[in-house]
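K.L.:
Handing over input_9.tsv, TSV, C-alpha atoms.
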```
chain	number	residue	atom	x	y	z
A	1	MET	CA	54.59	-26.21	-26.20
A	2	GLU	CA	50.98	-26.48	-27.31
A	3	GLU	CA	49.92	-24.53	-24.22
A	4	ASP	CA	52.33	-21.70	-25.14
A	5	LYS	CA	50.82	-21.49	-28.61
A	6	LYS	CA	47.30	-21.31	-27.14
A	7	ASN	CA	48.41	-18.59	-24.74
A	8	ASN	CA	50.00	-16.61	-27.58
A	9	ILE	CA	46.85	-16.81	-29.67
A	10	LYS	CA	44.75	-15.82	-26.65
A	11	GLY	CA	47.10	-12.87	-26.06
A	12	TYR	CA	46.85	-11.76	-29.69
A	13	MET	CA	43.06	-11.98	-29.62
A	14	LEU	CA	42.84	-10.01	-26.37
A	15	ALA	CA	45.19	-7.35	-27.77
A	16	ILE	CA	43.04	-7.05	-30.89
A	17	LEU	CA	39.89	-6.91	-28.74
A	18	GLY	CA	41.46	-4.16	-26.65
A	19	GLY	CA	42.28	-2.05	-29.71
A	20	VAL	CA	38.86	-2.57	-31.24
A	21	SER	CA	37.19	-1.72	-27.92
A	22	TRP	CA	39.26	1.47	-27.63
A	23	GLY	CA	38.14	2.50	-31.13
A	24	ILE	CA	34.50	1.73	-30.42
A	25	SER	CA	34.65	3.65	-27.14
A	26	GLY	CA	36.01	6.70	-28.97
A	27	VAL	CA	33.22	6.65	-31.53
A	28	CYS	CA	30.58	6.07	-28.83
A	29	SER	CA	32.00	8.93	-26.78
A	30	GLN	CA	31.92	11.23	-29.81
A	31	TYR	CA	28.28	10.27	-30.36
A	32	LEU	CA	27.42	11.03	-26.72
A	33	PHE	CA	29.19	14.41	-26.91
A	34	THR	CA	27.45	15.46	-30.11
A	35	GLN	CA	23.96	14.11	-29.35
A	36	TYR	CA	23.69	14.75	-25.61
A	37	ASP	CA	26.28	17.49	-24.99
A	38	LEU	CA	27.88	15.63	-22.07
A	39	SER	CA	31.00	16.97	-20.40
A	40	ALA	CA	34.31	15.12	-20.68
A	41	ASP	CA	34.84	15.11	-16.92
A	42	TRP	CA	31.41	13.55	-16.25
A	43	LEU	CA	31.88	10.86	-18.90
A	44	THR	CA	35.39	10.11	-17.62
A	45	ALA	CA	34.09	9.66	-14.07
A	46	ILE	CA	31.22	7.40	-15.14
A	47	ARG	CA	33.42	5.26	-17.43
A	48	MET	CA	36.07	4.80	-14.78
A	49	LEU	CA	33.59	4.13	-11.98
A	50	LEU	CA	31.63	1.52	-13.94
A	51	SER	CA	34.70	-0.19	-15.39
A	52	GLY	CA	36.36	-0.22	-11.95
A	53	ILE	CA	33.32	-1.88	-10.38
A	54	LEU	CA	33.15	-4.43	-13.21
A	55	LEU	CA	36.86	-5.27	-12.93
A	56	LEU	CA	36.65	-5.61	-9.14
A	57	VAL	CA	33.67	-7.96	-9.42
A	58	LEU	CA	35.46	-10.10	-12.03
A	59	ALA	CA	38.67	-10.17	-10.00
A	60	PHE	CA	36.81	-10.93	-6.77
A	61	ARG	CA	35.13	-13.95	-8.38
A	62	LYS	CA	38.55	-15.43	-9.13
A	63	GLU	CA	40.82	-14.09	-6.37
A	64	HIS	CA	38.33	-13.43	-3.52
A	65	THR	CA	39.79	-11.28	-0.75
A	66	ARG	CA	43.32	-11.39	-2.22
A	67	ILE	CA	42.37	-8.39	-4.40
A	68	PHE	CA	42.54	-6.19	-1.28
A	69	LYS	CA	46.06	-7.31	-0.31
A	70	ILE	CA	47.65	-4.40	-2.19
A	71	TRP	CA	46.23	-2.03	0.44
A	72	THR	CA	48.35	-3.67	3.16
A	73	LYS	CA	51.67	-2.31	1.88
A	74	GLY	CA	52.12	1.45	1.98
A	75	LYS	CA	54.54	1.63	-0.94
A	76	ASP	CA	52.26	-0.46	-3.19
A	77	THR	CA	49.25	1.64	-2.17
A	78	PHE	CA	51.14	4.84	-2.98
A	79	TRP	CA	52.14	3.64	-6.48
A	80	LEU	CA	48.64	2.31	-7.15
A	81	ILE	CA	47.15	5.73	-6.37
A	82	VAL	CA	49.82	7.51	-8.46
A	83	PHE	CA	49.09	5.21	-11.39
A	84	ALA	CA	45.33	5.62	-10.97
A	85	LEU	CA	45.51	9.41	-10.98
A	86	ALA	CA	48.50	10.21	-13.20
A	87	GLY	CA	48.09	7.21	-15.48
A	88	LEU	CA	44.52	6.09	-15.87
A	89	LEU	CA	42.54	9.20	-14.95
A	90	LEU	CA	44.75	11.59	-16.91
A	91	CYS	CA	44.82	9.27	-19.93
A	92	GLN	CA	41.05	8.81	-19.96
A	93	TYR	CA	40.24	12.47	-19.37
A	94	THR	CA	42.62	13.83	-22.03
A	95	PHE	CA	41.32	11.30	-24.55
A	96	LEU	CA	37.69	12.24	-23.92
A	97	ALA	CA	38.47	15.97	-23.81
A	98	ALA	CA	40.24	15.68	-27.17
A	99	ILE	CA	37.17	13.92	-28.60
A	100	LYS	CA	34.88	16.59	-27.14
A	101	HIS	CA	36.91	19.41	-28.75
A	102	SER	CA	37.71	17.70	-32.07
A	103	ASN	CA	36.70	14.13	-32.99
A	104	SER	CA	37.53	10.54	-32.12
A	105	ALA	CA	40.02	10.06	-34.98
A	106	THR	CA	42.08	13.12	-34.03
A	107	ALA	CA	41.95	12.17	-30.35
A	108	THR	CA	43.19	8.66	-31.13
A	109	VAL	CA	46.18	9.97	-33.08
A	110	LEU	CA	47.07	12.38	-30.26
A	111	GLN	CA	46.54	9.74	-27.58
A	112	SER	CA	48.83	7.29	-29.37
A	113	LEU	CA	51.72	9.63	-28.58
A	114	ASN	CA	51.50	8.55	-24.94
A	115	VAL	CA	53.70	5.57	-25.78
A	116	VAL	CA	56.32	7.93	-27.21
A	117	LEU	CA	56.19	10.19	-24.17
A	118	MET	CA	56.44	7.17	-21.87
A	119	ALA	CA	59.56	5.98	-23.70
A	120	ILE	CA	61.14	9.40	-23.17
A	121	VAL	CA	60.14	9.50	-19.49
A	122	MET	CA	61.55	6.01	-18.88
A	123	ALA	CA	64.83	6.86	-20.62
A	124	VAL	CA	65.22	9.94	-18.41
A	125	TRP	CA	64.07	8.07	-15.28
A	126	ASN	CA	66.55	5.23	-15.88
A	127	LYS	CA	69.27	7.64	-17.04
A	128	LYS	CA	69.72	5.51	-20.14
A	129	MET	CA	70.42	6.79	-23.64
A	130	MET	CA	67.89	5.74	-26.26
A	131	SER	CA	68.99	3.76	-29.29
A	132	ARG	CA	69.07	5.34	-32.74
A	133	ILE	CA	66.04	3.30	-33.76
A	134	GLN	CA	64.06	4.55	-30.74
A	135	ILE	CA	65.03	8.15	-31.47
A	136	ALA	CA	64.08	7.71	-35.14
A	137	ALA	CA	60.72	6.23	-34.13
A	138	ILE	CA	60.05	9.18	-31.82
A	139	VAL	CA	60.99	11.71	-34.52
A	140	LEU	CA	58.72	9.92	-37.02
A	141	ALA	CA	55.82	9.75	-34.56
A	142	PHE	CA	56.00	13.47	-33.78
A	143	SER	CA	56.56	14.35	-37.45
A	144	GLY	CA	53.54	12.32	-38.52
A	145	THR	CA	51.36	13.89	-35.84
A	146	TYR	CA	52.61	17.36	-36.82
A	147	LEU	CA	51.75	16.70	-40.47
A	148	ILE	CA	48.29	15.42	-39.56
A	149	ALA	CA	47.61	18.43	-37.33
A	150	THR	CA	48.98	21.15	-39.61
A	151	LYS	CA	48.95	19.67	-43.12
A	152	GLY	CA	52.56	20.88	-43.27
A	153	SER	CA	51.87	24.52	-42.46
A	154	LEU	CA	54.35	26.21	-40.13
A	155	THR	CA	51.83	28.85	-39.03
A	156	SER	CA	48.49	27.15	-38.40
A	157	MET	CA	46.70	24.03	-37.27
A	158	ASP	CA	44.31	22.29	-39.65
A	159	LEU	CA	42.31	19.88	-37.52
A	160	PRO	CA	38.89	18.64	-38.60
A	161	ASP	CA	35.92	20.55	-37.25
A	162	LYS	CA	33.73	19.01	-34.60
A	163	PRO	CA	30.99	16.92	-36.17
```
Produce structure tokens that represent the structure in this file.

P.N.:
Amino acid sequence: MEEDKKNNIKGYMLAILGGVSWGISGVCSQYLFTQYDLSADWLTAIRMLLSGILLLVLAFRKEHTRIFKIWTKGKDTFWLIVFALAGLLLCQYTFLAAIKHSNSATATVLQSLNVVLMAIVMAVWNKKMMSRIQIAAIVLAFSGTYLIATKGSLTSMDLPDKP
């Protein structure tokens, strides 16, 4: 039981670290865009390349050649590539492009809707009706984002200017 408690605390700390790191990366990206006029596609490529190398090195230290086993099954390879392109690359690029064209706070609010969109996709994929609470959460998420982006106006957006 004590081990479960330690694992839970470790999980909470890693989740907090992940959120804090995401926030810091947004602010750092905004700084790079404003001070050095980098492009979102270049920064996305560099971030993903460097983080991929780092993760492979860390995984290799623990798992050795087992990290390459996924490439032996065609179906697993296919879904890995789909996730890499449609999941990771698209998520990273849209986040950085939103920062480039607005700011890190606005981009974070917009990016947080990915969870909502994923819930909708999974409901359709599994042909399963969402619960009332899920539907209410989705309506509230979109309503909140709409209010942030328009300040309640039906005719115009009111996003902060680029810094």

K.L.:
May I ask which of the residues A:Lys151, A:Lys100, A:Arg132, A:Arg61 is the closest one to Leu43 in chain A, counting all atoms listed in the file?

P.N.:
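For Leu43 in chain A, the nearest of the given residues is A:Lys100.
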
K.L.:
Considering only C-alpha atoms, can you say which of A:Ala141, A:Leu96, A:Val20, A:Met118 comes closest to Ala40 in chain A?

P.N.:
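Counting only C-alpha atoms, the residue closest to Ala40 in chain A is A:Leu96.
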
K.L.:
Can you pull out the residues contacting range 49-53 of chain A? Cut-off 12 Å, using all atoms listed in the file, and skip same-chain residues under 5 positions away; I want them as a ChimeraX atom specification.

P.N.:
/A:42-44,58-60,84,88-89,92

K.L.:
Sorted by chain and rising residue number, list the residues of range 71-133 of chain A at most 10 Å from range 23-27 of chain A (counting only C-alpha atoms), each with its closest atom pair and distance in Å to one decimal, as CSV.

P.N.:
```
residue,atom,partner,partner_atom,distance
A:Phe95,CA,A:Gly26,CA,8.3
A:Leu96,CA,A:Gly26,CA,7.7
A:Ile99,CA,A:Gly26,CA,7.3
A:Asn103,CA,A:Val27,CA,8.4
A:Ser104,CA,A:Gly26,CA,5.2
A:Ala105,CA,A:Gly26,CA,8.0
A:Ala107,CA,A:Gly26,CA,8.2
A:Thr108,CA,A:Gly26,CA,7.7
```

K.L.:
Those selected residues, please, written with C-alpha atoms and delivered as a PDB file, in the coordinates of the input.

P.N.:
```pdb
ATOM      1  CA  PHE A  95      41.320  11.300 -24.550  1.00  0.00           C
ATOM      2  CA  LEU A  96      37.690  12.240 -23.920  1.00  0.00           C
ATOM      3  CA  ILE A  99      37.170  13.920 -28.600  1.00  0.00           C
ATOM      4  CA  ASN A 103      36.700  14.130 -32.990  1.00  0.00           C
ATOM      5  CA  SER A 104      37.530  10.540 -32.120  1.00  0.00           C
ATOM      6  CA  ALA A 105      40.020  10.060 -34.980  1.00  0.00           C
ATOM      7  CA  ALA A 107      41.950  12.170 -30.350  1.00  0.00           C
ATOM      8  CA  THR A 108      43.190   8.660 -31.130  1.00  0.00           C
TER       9      THR A 108
END
```

K.L.:
Please compute the CA of Ala149 in chain A-CA of Ser102 in chain A distance, one decimal, in Å.

P.N.:
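Separation between CA of Ala149 in chain A and CA of Ser102 in chain A: 11.2 Å.
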
K.L.:
Give me the residues within 12 Å of Ile148 in chain A as a VMD selection string, counting only C-alpha atoms and dropping any in the same chain fewer than 3 places off.

P.N.:
chain A and resid 105 to 110 141 to 145 151 to 153 156 to 160

K.L.:
Taking (57.0, 2.9, -27.7) in the file's coordinates, which residues come within 12 Å, counting only C-alpha atoms, written as an NGL selection string?

P.N.:
:A and (112-123 or 130 or 133-141)

K.L.:
How many Å separate CA of Ala45 in chain A from CA of Leu80 in chain A?

P.N.:
17.7 Å

K.L.:
Any idea what the distance is between CA of Glu2 in chain A and CA of Glu63 in chain A?

P.N.:
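Here the two named atoms are 26.4 Å from each other.
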
K.L.:
Considering only C-alpha atoms, can you say which of A:Met48, A:Met129, A:Leu38, A:Ile16 comes closest to Leu85 in chain A?

P.N.:
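The closest residue to Leu85 in chain A is A:Met48.
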